[in-house]
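Chemist: Sharing coords18.cif (mmCIF, C-alpha atoms) below.
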```cif
data_start
loop_
_atom_site.label_atom_id
_atom_site.label_comp_id
_atom_site.auth_asym_id
_atom_site.auth_seq_id
_atom_site.Cartn_x
_atom_site.Cartn_y
_atom_site.Cartn_z
CA MET I 1 -43.81 37.36 0.25
CA CYS I 2 -46.54 36.89 2.85
CA LEU I 3 -44.20 38.41 5.42
CA ALA I 4 -46.25 40.36 7.96
CA ILE I 5 -44.83 41.99 11.07
CA PRO I 6 -46.47 43.07 14.34
CA GLY I 7 -46.01 46.71 15.29
CA LYS I 8 -47.47 49.28 17.69
CA VAL I 9 -49.79 52.02 16.39
CA ILE I 10 -48.36 55.36 17.57
CA GLU I 11 -50.56 57.73 15.53
CA VAL I 12 -53.81 57.57 13.58
CA PHE I 13 -54.55 60.12 10.82
CA GLU I 14 -56.60 60.71 7.68
CA ASP I 15 -55.02 60.98 4.21
CA HIS I 16 -57.63 62.33 1.76
CA GLY I 17 -60.35 60.27 3.42
CA LEU I 18 -58.24 57.14 3.99
CA ARG I 19 -57.66 56.01 7.59
CA MET I 20 -53.91 55.63 8.04
CA GLY I 21 -51.55 55.07 10.95
CA ARG I 22 -47.92 55.36 11.88
CA VAL I 23 -46.70 52.01 13.18
CA ASP I 24 -43.56 51.39 15.26
CA PHE I 25 -41.72 48.13 14.48
CA GLY I 26 -39.17 48.04 17.28
CA GLY I 27 -37.77 51.47 16.39
CA THR I 28 -38.52 51.59 12.66
CA VAL I 29 -41.65 53.65 12.00
CA LYS I 30 -43.68 53.16 8.82
CA LYS I 31 -47.08 54.24 7.55
CA ALA I 32 -49.82 51.63 7.24
CA CYS I 33 -53.41 51.71 6.06
CA LEU I 34 -55.83 51.11 8.96
CA ALA I 35 -59.04 51.48 6.91
CA GLN I 36 -60.05 47.82 7.32
CA LEU I 37 -59.50 47.84 11.11
CA PRO I 38 -61.86 50.55 12.41
CA GLU I 39 -61.57 49.27 16.00
CA VAL I 40 -57.80 49.87 16.16
CA GLY I 41 -56.38 52.90 17.99
CA VAL I 42 -53.13 54.31 19.33
CA GLY I 43 -51.33 51.78 21.56
CA ASP I 44 -52.77 48.69 19.84
CA TYR I 45 -50.55 46.19 18.08
CA VAL I 46 -51.38 45.38 14.45
CA LEU I 47 -50.02 42.89 11.93
CA VAL I 48 -48.79 44.79 8.86
CA HIS I 49 -48.12 43.46 5.35
CA VAL I 50 -46.97 45.71 2.44
CA GLY I 51 -48.26 48.85 4.15
CA PHE I 52 -51.64 47.35 5.01
CA ALA I 53 -52.77 46.42 8.54
CA LEU I 54 -54.30 42.93 8.25
CA SER I 55 -55.46 42.41 11.82
CA LEU I 56 -55.26 43.43 15.42
CA VAL I 57 -52.85 41.36 17.52
CA ASP I 58 -55.01 40.03 20.36
CA PRO I 59 -52.96 40.33 23.59
CA ALA I 60 -55.12 37.84 25.51
CA GLU I 61 -54.79 35.17 22.80
CA ALA I 62 -51.03 35.78 22.51
CA GLU I 63 -50.71 35.29 26.26
CA ARG I 64 -52.88 32.16 26.26
CA THR I 65 -50.95 30.40 23.44
CA TYR I 66 -47.63 31.20 25.05
CA ARG I 67 -48.67 30.13 28.58
CA LEU I 68 -49.98 26.79 27.28
CA LEU I 69 -46.62 26.13 25.65
CA GLU I 70 -44.61 27.29 28.64
CA GLU I 71 -46.56 24.91 30.82
CA LEU I 72 -45.85 21.91 28.56
CA GLY I 73 -44.19 19.14 30.51
CA LEU I 74 -44.99 20.78 33.84
CA LEU I 75 -47.40 18.00 34.74
CA ASP I 76 -44.76 15.43 33.77
CA GLU I 77 -42.28 17.12 36.07
CA LEU I 78 -44.79 16.81 38.92
CA LYS I 79 -45.17 13.10 38.16
CA VAL I 80 -41.45 12.44 38.58
CA PRO I 81 -41.06 10.55 41.89
CA GLU I 82 -39.16 12.48 44.49
CA GLY I 83 -35.76 11.14 45.47
CA PRO I 84 -35.01 9.82 48.94
CA ALA I 85 -35.59 12.51 51.50
CA MET V 1 -39.75 43.19 19.64
CA LYS V 2 -43.04 42.38 21.30
CA TYR V 3 -44.91 39.40 19.77
CA LEU V 4 -41.72 38.27 18.04
CA ASP V 5 -38.98 37.67 20.62
CA GLU V 6 -41.04 35.45 22.93
CA TYR V 7 -41.82 33.19 19.96
CA ARG V 8 -38.10 32.56 19.50
CA ASP V 9 -37.45 31.41 23.09
CA GLY V 10 -35.16 28.36 23.09
CA ARG V 11 -36.40 27.16 26.48
CA VAL V 12 -39.99 26.90 25.26
CA ALA V 13 -38.81 25.35 21.98
CA ALA V 14 -37.07 22.58 23.95
CA LYS V 15 -40.28 21.85 25.85
CA ILE V 16 -42.33 21.58 22.66
CA LEU V 17 -39.69 19.37 21.03
CA ALA V 18 -39.73 17.04 24.04
CA GLU V 19 -43.52 16.85 23.79
CA ILE V 20 -43.37 16.13 20.04
CA GLY V 21 -40.89 13.34 20.77
CA ARG V 22 -43.20 11.93 23.44
CA VAL V 23 -46.35 11.83 21.30
CA THR V 24 -44.75 10.56 18.05
CA THR V 25 -45.01 6.78 17.61
CA ARG V 26 -44.58 6.42 13.83
CA PRO V 27 -43.52 8.32 10.70
CA TRP V 28 -45.59 11.28 9.53
CA THR V 29 -45.19 13.59 6.54
CA LEU V 30 -46.40 17.17 7.03
CA MET V 31 -46.42 20.05 4.57
CA GLU V 32 -46.00 23.70 5.50
CA VAL V 33 -47.98 25.54 2.86
CA CYS V 34 -46.48 29.00 2.93
CA GLY V 35 -43.07 30.03 1.55
CA GLY V 36 -42.55 32.32 4.55
CA GLN V 37 -42.89 29.29 6.80
CA THR V 38 -40.44 27.33 4.62
CA HIS V 39 -37.94 30.16 4.92
CA SER V 40 -38.33 30.33 8.72
CA ILE V 41 -38.08 26.52 9.08
CA VAL V 42 -34.85 26.31 7.10
CA LYS V 43 -33.39 29.49 8.67
CA HIS V 44 -33.96 28.28 12.24
CA GLY V 45 -33.33 24.60 11.42
CA VAL V 46 -36.76 23.61 12.75
CA ASP V 47 -36.94 20.55 10.47
CA ARG V 48 -33.63 19.25 11.82
CA MET V 49 -34.70 19.54 15.46
CA LEU V 50 -37.69 17.26 14.92
CA PRO V 51 -37.68 13.51 15.62
CA SER V 52 -36.52 11.55 12.55
CA GLU V 53 -40.03 10.12 12.11
CA ILE V 54 -41.40 13.55 11.17
CA GLU V 55 -40.67 14.87 7.72
CA LEU V 56 -41.56 18.39 6.64
CA VAL V 57 -42.10 18.86 2.92
CA HIS V 58 -42.35 22.31 1.45
CA GLY V 59 -45.49 23.57 -0.20
CA PRO V 60 -46.42 25.74 -3.18
CA GLY V 61 -47.01 28.90 -1.11
CA CYS V 62 -44.48 31.25 -2.66
CA PRO V 63 -46.37 33.61 -5.00
CA VAL V 64 -43.19 34.95 -6.60
CA CYS V 65 -42.15 31.38 -7.43
CA VAL V 66 -45.46 30.31 -8.94
CA THR V 67 -46.19 33.46 -10.98
CA PRO V 68 -46.50 31.95 -14.47
CA LEU V 69 -43.91 32.71 -17.09
CA GLU V 70 -46.57 34.24 -19.37
CA GLN V 71 -47.31 36.94 -16.79
CA ILE V 72 -43.61 37.62 -16.20
CA ASP V 73 -43.01 37.92 -19.94
CA LYS V 74 -46.00 40.30 -20.14
CA ALA V 75 -44.49 42.35 -17.31
CA HIS V 76 -41.25 42.59 -19.26
CA ALA V 77 -43.06 43.59 -22.46
CA ILE V 78 -44.97 46.34 -20.64
CA ALA V 79 -41.95 47.56 -18.65
CA SER V 80 -39.99 47.92 -21.90
CA ARG V 81 -42.40 50.55 -23.27
CA PRO V 82 -40.89 54.05 -23.25
CA ASN V 83 -43.92 55.75 -21.64
CA VAL V 84 -44.24 53.19 -18.81
CA THR V 85 -42.99 53.37 -15.22
CA PHE V 86 -43.18 49.79 -13.97
CA ALA V 87 -43.57 49.38 -10.20
CA SER V 88 -43.06 46.06 -8.41
CA PHE V 89 -42.33 44.47 -5.06
CA GLY V 90 -38.56 43.94 -4.81
CA ASP V 91 -38.89 40.13 -4.88
CA MET V 92 -39.95 40.12 -8.54
CA LEU V 93 -36.95 42.00 -9.94
CA ARG V 94 -34.57 39.07 -10.41
CA VAL V 95 -37.20 36.55 -11.49
CA PRO V 96 -36.22 35.36 -14.96
CA GLY V 97 -38.79 35.32 -17.73
CA SER V 98 -38.20 33.61 -21.07
CA HIS V 99 -35.69 36.23 -22.20
CA THR V 100 -34.76 38.72 -19.46
CA ASP V 101 -35.59 39.99 -15.96
CA LEU V 102 -36.77 43.38 -14.60
CA LEU V 103 -33.36 44.25 -13.15
CA ARG V 104 -31.70 43.74 -16.52
CA LEU V 105 -34.40 45.82 -18.24
CA LYS V 106 -33.77 48.57 -15.69
CA SER V 107 -30.05 48.51 -16.44
CA GLN V 108 -30.94 48.85 -20.13
CA GLY V 109 -32.91 52.03 -19.45
CA ALA V 110 -36.43 50.88 -18.59
CA ASP V 111 -38.09 52.83 -15.75
CA VAL V 112 -38.50 50.07 -13.16
CA ARG V 113 -39.22 51.03 -9.54
CA ILE V 114 -39.36 48.99 -6.33
CA VAL V 115 -42.26 49.87 -4.05
CA TYR V 116 -42.86 48.74 -0.46
CA ALA V 117 -46.64 49.23 -0.58
CA PRO V 118 -49.06 49.11 -3.54
CA LEU V 119 -50.37 52.53 -2.43
CA ASP V 120 -46.88 53.93 -3.16
CA ALA V 121 -47.41 53.02 -6.82
CA VAL V 122 -50.62 55.09 -6.90
CA ARG V 123 -48.69 58.01 -5.41
CA LEU V 124 -46.03 57.54 -8.11
CA ALA V 125 -48.77 57.89 -10.73
CA GLN V 126 -50.03 61.09 -9.07
CA GLN V 127 -46.51 62.52 -9.05
CA HIS V 128 -45.88 61.63 -12.71
CA PRO V 129 -49.10 62.36 -14.63
CA ASP V 130 -47.19 62.16 -17.95
CA ARG V 131 -46.20 58.53 -17.31
CA GLU V 132 -48.23 55.32 -17.39
CA VAL V 133 -47.57 53.70 -14.00
CA VAL V 134 -48.14 49.93 -14.01
CA PHE V 135 -48.01 47.93 -10.78
CA PHE V 136 -47.29 44.19 -10.82
CA ALA V 137 -50.06 42.96 -8.50
CA ILE V 138 -48.97 39.50 -7.42
CA GLY V 139 -49.51 37.55 -4.22
CA PHE V 140 -51.74 35.26 -2.24
CA GLU V 141 -54.83 36.26 -0.23
CA THR V 142 -52.52 38.06 2.23
CA THR V 143 -51.57 40.66 -0.39
CA ALA V 144 -54.94 40.86 -2.16
CA PRO V 145 -56.45 43.55 0.16
CA ALA V 146 -53.43 45.88 -0.24
CA ASN V 147 -53.51 45.43 -4.03
CA ALA V 148 -57.29 45.91 -4.12
CA LEU V 149 -56.87 49.06 -2.05
CA ALA V 150 -54.46 50.52 -4.63
CA VAL V 151 -57.02 50.03 -7.43
CA THR V 152 -59.87 51.42 -5.31
CA ARG V 153 -57.73 54.37 -4.26
CA ALA V 154 -56.81 55.20 -7.87
CA ALA V 155 -60.53 55.14 -8.75
CA THR V 156 -61.48 57.33 -5.76
CA LEU V 157 -58.77 59.89 -6.48
CA GLY V 158 -59.38 59.82 -10.24
CA VAL V 159 -55.85 58.69 -11.08
CA LYS V 160 -56.15 57.64 -14.74
CA ASN V 161 -52.49 56.85 -15.50
CA PHE V 162 -52.41 53.87 -13.11
CA SER V 163 -53.05 50.22 -13.91
CA VAL V 164 -52.21 46.79 -12.52
CA LEU V 165 -50.86 43.60 -14.08
CA VAL V 166 -52.63 41.00 -11.95
CA SER V 167 -51.26 37.55 -11.15
CA HIS V 168 -52.99 36.60 -7.92
CA VAL V 169 -53.17 33.04 -6.58
CA LEU V 170 -55.29 31.35 -3.91
CA VAL V 171 -54.12 28.78 -1.36
CA PRO V 172 -57.05 26.33 -0.87
CA PRO V 173 -57.14 25.16 -4.54
CA ALA V 174 -53.37 24.58 -4.34
CA ILE V 175 -53.79 22.41 -1.23
CA ALA V 176 -56.46 20.45 -3.11
CA ALA V 177 -54.07 20.06 -6.06
CA VAL V 178 -51.36 18.69 -3.73
CA LEU V 179 -53.80 16.20 -2.21
CA GLN V 180 -55.08 15.09 -5.63
CA SER V 181 -51.57 14.64 -6.98
CA PRO V 182 -50.71 10.97 -7.78
CA GLY V 183 -48.12 9.81 -5.27
CA ASN V 184 -49.10 12.42 -2.68
CA ARG V 185 -47.34 11.75 0.63
CA VAL V 186 -48.70 14.63 2.71
CA GLN V 187 -50.73 13.51 5.75
CA GLY V 188 -51.22 16.83 7.53
CA PHE V 189 -50.77 20.55 6.87
CA LEU V 190 -49.41 23.56 8.68
CA GLY V 191 -51.90 26.08 7.27
CA PRO V 192 -50.90 29.56 6.03
CA GLY V 193 -51.24 31.92 9.00
CA HIS V 194 -51.20 35.25 7.21
CA VAL V 195 -53.51 34.14 4.39
CA CYS V 196 -56.01 33.11 7.10
CA THR V 197 -55.58 36.44 8.89
CA VAL V 198 -57.43 37.90 5.91
CA MET V 199 -59.67 35.02 4.81
CA GLY V 200 -60.31 33.14 8.06
CA TYR V 201 -60.24 29.33 7.98
CA ARG V 202 -63.73 28.15 7.04
CA GLU V 203 -62.48 27.02 3.61
CA TYR V 204 -59.86 24.89 5.35
CA GLU V 205 -62.55 23.10 7.36
CA ALA V 206 -64.19 22.04 4.09
CA LEU V 207 -60.81 20.87 2.69
CA SER V 208 -59.95 19.02 5.89
CA SER V 209 -63.20 17.08 6.04
CA HIS V 210 -63.32 16.38 2.29
CA TYR V 211 -59.77 14.99 2.08
CA ARG V 212 -59.68 13.65 5.66
CA VAL V 213 -56.50 15.56 6.63
CA PRO V 214 -55.74 17.59 9.74
CA ILE V 215 -54.84 21.25 9.11
CA VAL V 216 -53.35 23.48 11.79
CA ILE V 217 -53.33 27.19 10.93
CA THR V 218 -49.80 28.14 11.97
CA GLY V 219 -47.67 31.25 12.50
CA PHE V 220 -44.16 31.97 11.30
CA GLU V 221 -41.86 32.09 14.32
CA PRO V 222 -39.96 28.95 15.44
CA ILE V 223 -42.24 28.45 18.47
CA ASP V 224 -45.34 28.82 16.28
CA LEU V 225 -43.99 26.28 13.78
CA LEU V 226 -43.06 23.75 16.49
CA ASP V 227 -46.48 24.22 18.11
CA GLY V 228 -48.08 23.69 14.67
CA VAL V 229 -46.13 20.43 14.24
CA LEU V 230 -47.06 19.27 17.76
CA ARG V 231 -50.76 19.93 17.22
CA THR V 232 -50.76 18.23 13.78
CA VAL V 233 -48.92 15.16 15.09
CA ARG V 234 -51.29 14.89 18.07
CA LEU V 235 -54.27 14.88 15.67
CA LEU V 236 -52.61 12.32 13.38
CA GLU V 237 -51.63 10.04 16.26
CA ALA V 238 -55.20 10.19 17.60
CA GLY V 239 -56.64 9.52 14.12
CA GLN V 240 -58.56 12.80 14.26
CA VAL V 241 -59.42 15.03 11.31
CA ASP V 242 -59.80 18.63 12.42
CA VAL V 243 -58.77 22.23 11.78
CA GLN V 244 -57.01 23.96 14.66
CA ASN V 245 -55.91 27.56 14.96
CA GLN V 246 -52.40 27.80 16.43
CA TYR V 247 -52.09 31.47 15.34
CA SER V 248 -55.08 32.73 17.34
CA ARG V 249 -53.36 35.99 18.29
CA VAL V 250 -54.08 37.27 14.76
CA VAL V 251 -56.33 34.70 13.04
CA THR V 252 -60.06 34.34 13.64
CA ARG V 253 -62.40 31.80 12.03
CA ALA V 254 -64.13 34.46 9.93
CA GLY V 255 -61.00 36.49 9.12
CA ASN V 256 -61.01 40.23 8.39
CA LEU V 257 -64.44 40.78 6.82
CA ALA V 258 -63.77 44.39 5.80
CA ALA V 259 -60.59 43.31 3.99
CA GLN V 260 -62.50 40.47 2.27
CA GLN V 261 -65.15 42.93 1.13
CA LEU V 262 -62.44 45.12 -0.37
CA VAL V 263 -60.96 42.10 -2.19
CA TRP V 264 -64.29 40.93 -3.65
CA SER V 265 -65.27 44.43 -4.75
CA THR V 266 -62.08 44.52 -6.87
CA PHE V 267 -61.26 40.93 -7.87
CA GLU V 268 -63.07 37.78 -8.97
CA VAL V 269 -61.99 34.14 -9.05
CA CYS V 270 -60.46 32.77 -12.26
CA ASP V 271 -58.46 29.74 -13.44
CA ARG V 272 -54.75 30.42 -13.02
CA LYS V 273 -51.59 28.79 -14.29
CA TRP V 274 -48.90 28.11 -11.63
CA ARG V 275 -45.26 28.06 -12.67
CA GLY V 276 -43.94 24.53 -12.30
CA ILE V 277 -47.41 23.03 -11.70
CA GLY V 278 -49.74 24.04 -14.54
CA THR V 279 -53.30 25.35 -14.56
CA ILE V 280 -55.31 24.88 -11.35
CA PRO V 281 -59.05 25.58 -11.77
CA LYS V 282 -60.42 28.56 -9.81
CA SER V 283 -57.03 29.14 -8.18
CA GLY V 284 -56.49 32.80 -9.06
CA LEU V 285 -57.93 36.29 -8.93
CA ARG V 286 -58.41 38.75 -11.78
CA LEU V 287 -59.89 42.24 -11.84
CA ARG V 288 -63.66 42.41 -11.93
CA TYR V 289 -65.17 43.65 -15.19
CA GLU V 290 -66.17 46.94 -13.50
CA ARG V 291 -62.48 47.60 -12.80
CA ARG V 292 -61.37 46.73 -16.34
CA GLU V 293 -59.99 50.20 -17.08
CA TYR V 294 -57.27 49.52 -14.46
CA ASP V 295 -56.23 46.24 -16.09
CA ALA V 296 -52.78 46.64 -17.68
CA GLU V 297 -53.36 43.61 -19.94
CA HIS V 298 -56.42 45.38 -21.35
CA ARG V 299 -54.74 48.80 -21.55
CA PHE V 300 -51.55 47.62 -23.30
CA GLU V 301 -52.88 44.65 -25.30
CA VAL V 302 -49.75 42.55 -24.91
CA GLY V 303 -51.40 39.44 -26.38
CA ALA V 304 -50.38 35.80 -25.97
CA MET V 305 -46.77 34.98 -25.05
CA GLU V 306 -44.50 32.19 -26.33
CA THR V 307 -42.66 31.00 -23.24
CA LEU V 308 -39.39 29.14 -22.72
CA GLU V 309 -38.79 27.18 -19.50
CA PRO V 310 -35.58 25.17 -18.80
CA ALA V 311 -36.33 21.43 -19.01
CA ALA V 312 -33.90 20.37 -16.24
CA CYS V 313 -35.97 21.92 -13.44
CA ILE V 314 -37.97 19.67 -11.05
CA SER V 315 -39.68 22.55 -9.23
CA GLY V 316 -43.16 21.24 -10.10
CA GLN V 317 -42.49 18.08 -8.09
CA ILE V 318 -40.93 20.09 -5.24
CA LEU V 319 -43.95 22.42 -5.10
CA ARG V 320 -46.26 19.42 -4.73
CA GLY V 321 -44.14 17.89 -1.96
CA LEU V 322 -43.03 14.92 -4.08
CA LYS V 323 -39.33 15.86 -4.12
CA LYS V 324 -36.82 17.99 -2.22
CA PRO V 325 -34.11 20.33 -3.52
CA HIS V 326 -31.35 17.70 -3.07
CA ASP V 327 -33.15 15.35 -5.44
CA CYS V 328 -32.24 17.70 -8.30
CA PRO V 329 -28.80 17.29 -9.94
CA ALA V 330 -28.84 20.97 -10.95
CA PHE V 331 -29.40 22.22 -7.35
CA GLY V 332 -26.45 24.29 -6.18
CA SER V 333 -24.44 23.55 -9.35
CA THR V 334 -26.00 24.96 -12.51
CA CYS V 335 -29.02 26.28 -10.57
CA THR V 336 -28.34 28.94 -7.90
CA PRO V 337 -30.17 32.13 -6.80
CA GLU V 338 -27.89 34.06 -9.20
CA THR V 339 -28.78 31.77 -12.13
CA PRO V 340 -32.11 30.17 -11.22
CA LEU V 341 -33.51 27.50 -13.55
CA GLY V 342 -37.04 27.55 -12.18
CA ALA V 343 -39.78 28.44 -9.75
CA THR V 344 -38.39 27.24 -6.41
CA MET V 345 -35.02 28.99 -6.86
CA VAL V 346 -36.29 32.37 -8.14
CA SER V 347 -37.47 33.83 -4.81
CA ALA V 348 -35.88 33.77 -1.33
CA GLU V 349 -39.00 31.96 -0.13
CA GLY V 350 -38.75 29.13 -2.63
CA ALA V 351 -37.62 25.83 -1.09
CA CYS V 352 -34.48 25.60 -3.27
CA ALA V 353 -33.43 29.21 -2.59
CA ALA V 354 -33.98 28.76 1.17
CA TYR V 355 -31.89 25.57 1.22
CA PHE V 356 -29.16 27.35 -0.77
CA ALA V 357 -29.20 30.51 1.39
CA TYR V 358 -28.64 28.53 4.59
CA GLY V 359 -25.79 26.45 3.20
CA ARG V 360 -27.61 23.16 2.80
CA HIS V 361 -26.11 22.48 -0.63
CA ARG V 362 -22.69 22.33 1.08
CA GLN V 363 -23.77 20.50 4.24
CA GLU V 364 -25.55 17.75 2.32
CA ALA V 365 -22.47 17.23 0.12
CA ILE V 366 -20.38 16.64 3.27
CA ARG V 367 -22.78 14.06 4.72
#
```
Just give me the structure of the file as structure tokens.
Modeler:
Amino acid sequence: MCLAIPGKVIEVFEDHGLRMGRVDFGGTVKKACLAQLPEVGVGDYVLVHVGFALSLVDPAEAERTYRLLEELGLLDELKVPEGPA
Amino acid sequence: MKYLDEYRDGRVAAKILAEIGRVTTRPWTLMEVCGGQTHSIVKHGVDRMLPSEIELVHGPGCPVCVTPLEQIDKAHAIASRPNVTFASFGDMLRVPGSHTDLLRLKSQGADVRIVYAPLDAVRLAQQHPDREVVFFAIGFETTAPANALAVTRAATLGVKNFSVLVSHVLVPPAIAAVLQSPGNRVQGFLGPGHVCTVMGYREYEALSSHYRVPIVITGFEPIDLLDGVLRTVRLLEAGQVDVQNQYSRVVTRAGNLAAQQLVWSTFEVCDRKWRGIGTIPKSGLRLRYERREYDAEHRFEVGAMETLEPAACISGQILRGLKKPHDCPAFGSTCTPETPLGATMVSAEGACAAYFAYGRHRQEAIR
């Protein structure tokens, strides 16, 4: 029920005073309300739930979380003693 | 898809699992709060990849499951009226009330529609001014802004033939109820990522320090869930009580303030009954008095309902993390998604339905 999916904003428009957008979810395009995210524009990624954009997806934070995880165990690998040369 | 595929990378998952194995020295019981997380965990088998010391129990965070029978029976009473077009999220259609479900009512001639967005229900009302369009506004904090928007939009556009049957629930009081439950086993929580996208996580800091439990706000992809487990176990092993934000790409400490403002201009906190659990104080939302004209319960005066719930169901204990689907003799035999006996089987995100959908009723029988 709380399913929310990240998608890319490809168009921003007004519908009788309501700020709306067209959002691309990997090929499927749907309308979403952008009224509560005034900072969002075309090209940004947003998290959408039941036609409502909940938040901007922060690319720097996404990168940081992922890098930290990718680097897990890297230090351990460095600690492994090298075999006989 | 960007921001999805990389969080399903098996290579990274293996690294996190190795790290979890390295830091775990004793048994820990964690609860994932949200039904979407439960579904993802069972679908991807995340719980079975973990070291045997770590048990995941499934929380009460499925709003379809916990919508009380009274509200479902009211929905059925309203949907049965000849002048009503009843709009609902698809998940609610098969949920059994005391006597019937929305799908059956539809087959008997009631005008029941599935909508993707609450705003679509307002549009339906605009298109059919001769009909009373009623939207079943259920959900957690994640859905509250979209539902509040529909009410606000109807008011702005002067749509008079639109109303909402509200059955909103809130996560923090449910976490408190789990922790206060006699026999509670939960030592740490994977917090509900999308709820916190809207509300932020300040409330969880208060819960964490009051009950002395670590809470890690966690996303929904396998890598997010494994990272959430790793962070929670690290805190537990170090004896630390803290709130961490694993899902920082969308969650901030304060949340979406504009969305919160929309919610509080439309709804106010009330006591709410949870199916399978009972009444939890201050655990729900209802329409504010100023929005009363959009309240379907007020408009249609359905009154109090006499409800009937099957006695065999143990969903209340499952929702509080005390039991698992296999502990129920009815699971997979008399109780299936086609013929659900109670809360945790009625929606795809309920623990019993997720176990059933991914074949665990058969696998466990083989073991």
Chemist: Would you translate the PyMOL selection byres ((chain I and resi 43) around 12) into the concrete set of residues it matches in this file, as a PDB file with C-alpha atoms, in the coordinates of the input?
Modeler:
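Final file, part_29.pdb:
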```pdb
ATOM      1  CA  GLY I   7     -46.010  46.710  15.290  1.00  0.00           C
ATOM      2  CA  LYS I   8     -47.470  49.280  17.690  1.00  0.00           C
ATOM      3  CA  VAL I   9     -49.790  52.020  16.390  1.00  0.00           C
ATOM      4  CA  ILE I  10     -48.360  55.360  17.570  1.00  0.00           C
ATOM      5  CA  GLU I  11     -50.560  57.730  15.530  1.00  0.00           C
ATOM      6  CA  VAL I  12     -53.810  57.570  13.580  1.00  0.00           C
ATOM      7  CA  GLY I  21     -51.550  55.070  10.950  1.00  0.00           C
ATOM      8  CA  ARG I  22     -47.920  55.360  11.880  1.00  0.00           C
ATOM      9  CA  VAL I  23     -46.700  52.010  13.180  1.00  0.00           C
ATOM     10  CA  ASP I  24     -43.560  51.390  15.260  1.00  0.00           C
ATOM     11  CA  GLU I  39     -61.570  49.270  16.000  1.00  0.00           C
ATOM     12  CA  VAL I  40     -57.800  49.870  16.160  1.00  0.00           C
ATOM     13  CA  GLY I  41     -56.380  52.900  17.990  1.00  0.00           C
ATOM     14  CA  VAL I  42     -53.130  54.310  19.330  1.00  0.00           C
ATOM     15  CA  ASP I  44     -52.770  48.690  19.840  1.00  0.00           C
ATOM     16  CA  TYR I  45     -50.550  46.190  18.080  1.00  0.00           C
ATOM     17  CA  VAL I  46     -51.380  45.380  14.450  1.00  0.00           C
ATOM     18  CA  LEU I  56     -55.260  43.430  15.420  1.00  0.00           C
ATOM     19  CA  VAL I  57     -52.850  41.360  17.520  1.00  0.00           C
ATOM     20  CA  PRO I  59     -52.960  40.330  23.590  1.00  0.00           C
TER      21      PRO I  59
END
```
Chemist: Given a cut-off of 8 Å, which residues of chain V touch chain I, counting all atoms listed in the file, written out as a PyMOL selection string?
Modeler: chain V and resi 1-4+7+12+15-16+19+34-36+62-64+91+116-119+139-140+142-143+145-146+194-195+197-198+227+246+248-251+256+258-259+349
Chemist: Figure out the distance between atom CA of Gln180 of chain V and atom CA of Glu221 of chain V, please, to one decimal in Å.
Modeler: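 Taking atom CA of Glu221 of chain V as the start and atom CA of Gln180 of chain V as the end point, the length is 29.4 Å.
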Chemist: Please write the residues picked by the PyMOL selection byres ((chain V and resi 100-114) around 6) on this file as an MDAnalysis selection string.
Modeler: chainID V and resid 80 85:90 93:97 99 115
Chemist: Keeping only C-alpha atoms, write those residues as a CSV table (one decimal), in the frame of the given file.
Modeler:
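Resulting contents of again_35.csv:
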```
chain,number,residue,atom,x,y,z
V,80,SER,CA,-40.0,47.9,-21.9
V,85,THR,CA,-43.0,53.4,-15.2
V,86,PHE,CA,-43.2,49.8,-14.0
V,87,ALA,CA,-43.6,49.4,-10.2
V,88,SER,CA,-43.1,46.1,-8.4
V,89,PHE,CA,-42.3,44.5,-5.1
V,90,GLY,CA,-38.6,43.9,-4.8
V,93,LEU,CA,-37.0,42.0,-9.9
V,94,ARG,CA,-34.6,39.1,-10.4
V,95,VAL,CA,-37.2,36.6,-11.5
V,96,PRO,CA,-36.2,35.4,-15.0
V,97,GLY,CA,-38.8,35.3,-17.7
V,99,HIS,CA,-35.7,36.2,-22.2
V,115,VAL,CA,-42.3,49.9,-4.0
```
Chemist: For Gly239 of chain V, which residue out of V:Val169, V:Ala304, V:Val263, V:Val213 is the nearest one, using all atoms listed in the file?
Modeler: V:Val213
Chemist: Neighbours of Ala354 of chain V within 8 Å (all atoms listed in the file; same-chain residues fewer than 6 positions away dropped), as a ChimeraX atom specification?
Modeler: /V:38-39,42-43,348
Chemist: Atoms to include: C-alpha atoms. Write the selected residues as a compact mmCIF listing (two decimals), in the coordinates of the input.
Modeler:
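The result, written out as again.txt:
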```txt
# COMPACT_ATOMS: atom_id res chain seq x y z
CA THR V 38 -40.44 27.33 4.62
CA HIS V 39 -37.94 30.16 4.92
CA VAL V 42 -34.85 26.31 7.10
CA LYS V 43 -33.39 29.49 8.67
CA ALA V 348 -35.88 33.77 -1.33
```
Chemist: Could you tell me how far atom CA of Lys74 of chain V sits from atom CA of Tyr289 of chain V, in Å to one decimal place?
Modeler: 20.1 Å
Chemist: Atom CA of Arg253 of chain V and atom CA of Leu236 of chain V, how far apart in Å?
Modeler: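 So the answer is 21.8 Å.
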Chemist: Write out as an mmCIF file with C-alpha atoms, keeping the file's coordinate frame each polymer residue whose atoms come within 10 Å of Glu290 of chain V, counting only C-alpha atoms; drop sequence neighbours fewer than 3 positions from it.
Modeler:
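File written: result_15.cif
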```
data_model
loop_
_atom_site.group_PDB
_atom_site.id
_atom_site.type_symbol
_atom_site.label_atom_id
_atom_site.label_comp_id
_atom_site.auth_asym_id
_atom_site.auth_seq_id
_atom_site.Cartn_x
_atom_site.Cartn_y
_atom_site.Cartn_z
ATOM 1 C CA SER V 265 -65.270 44.430 -4.750
ATOM 2 C CA THR V 266 -62.080 44.520 -6.870
ATOM 3 C CA PHE V 267 -61.260 40.930 -7.870
ATOM 4 C CA LEU V 287 -59.890 42.240 -11.840
ATOM 5 C CA GLU V 293 -59.990 50.200 -17.080
ATOM 6 C CA TYR V 294 -57.270 49.520 -14.460
#
```
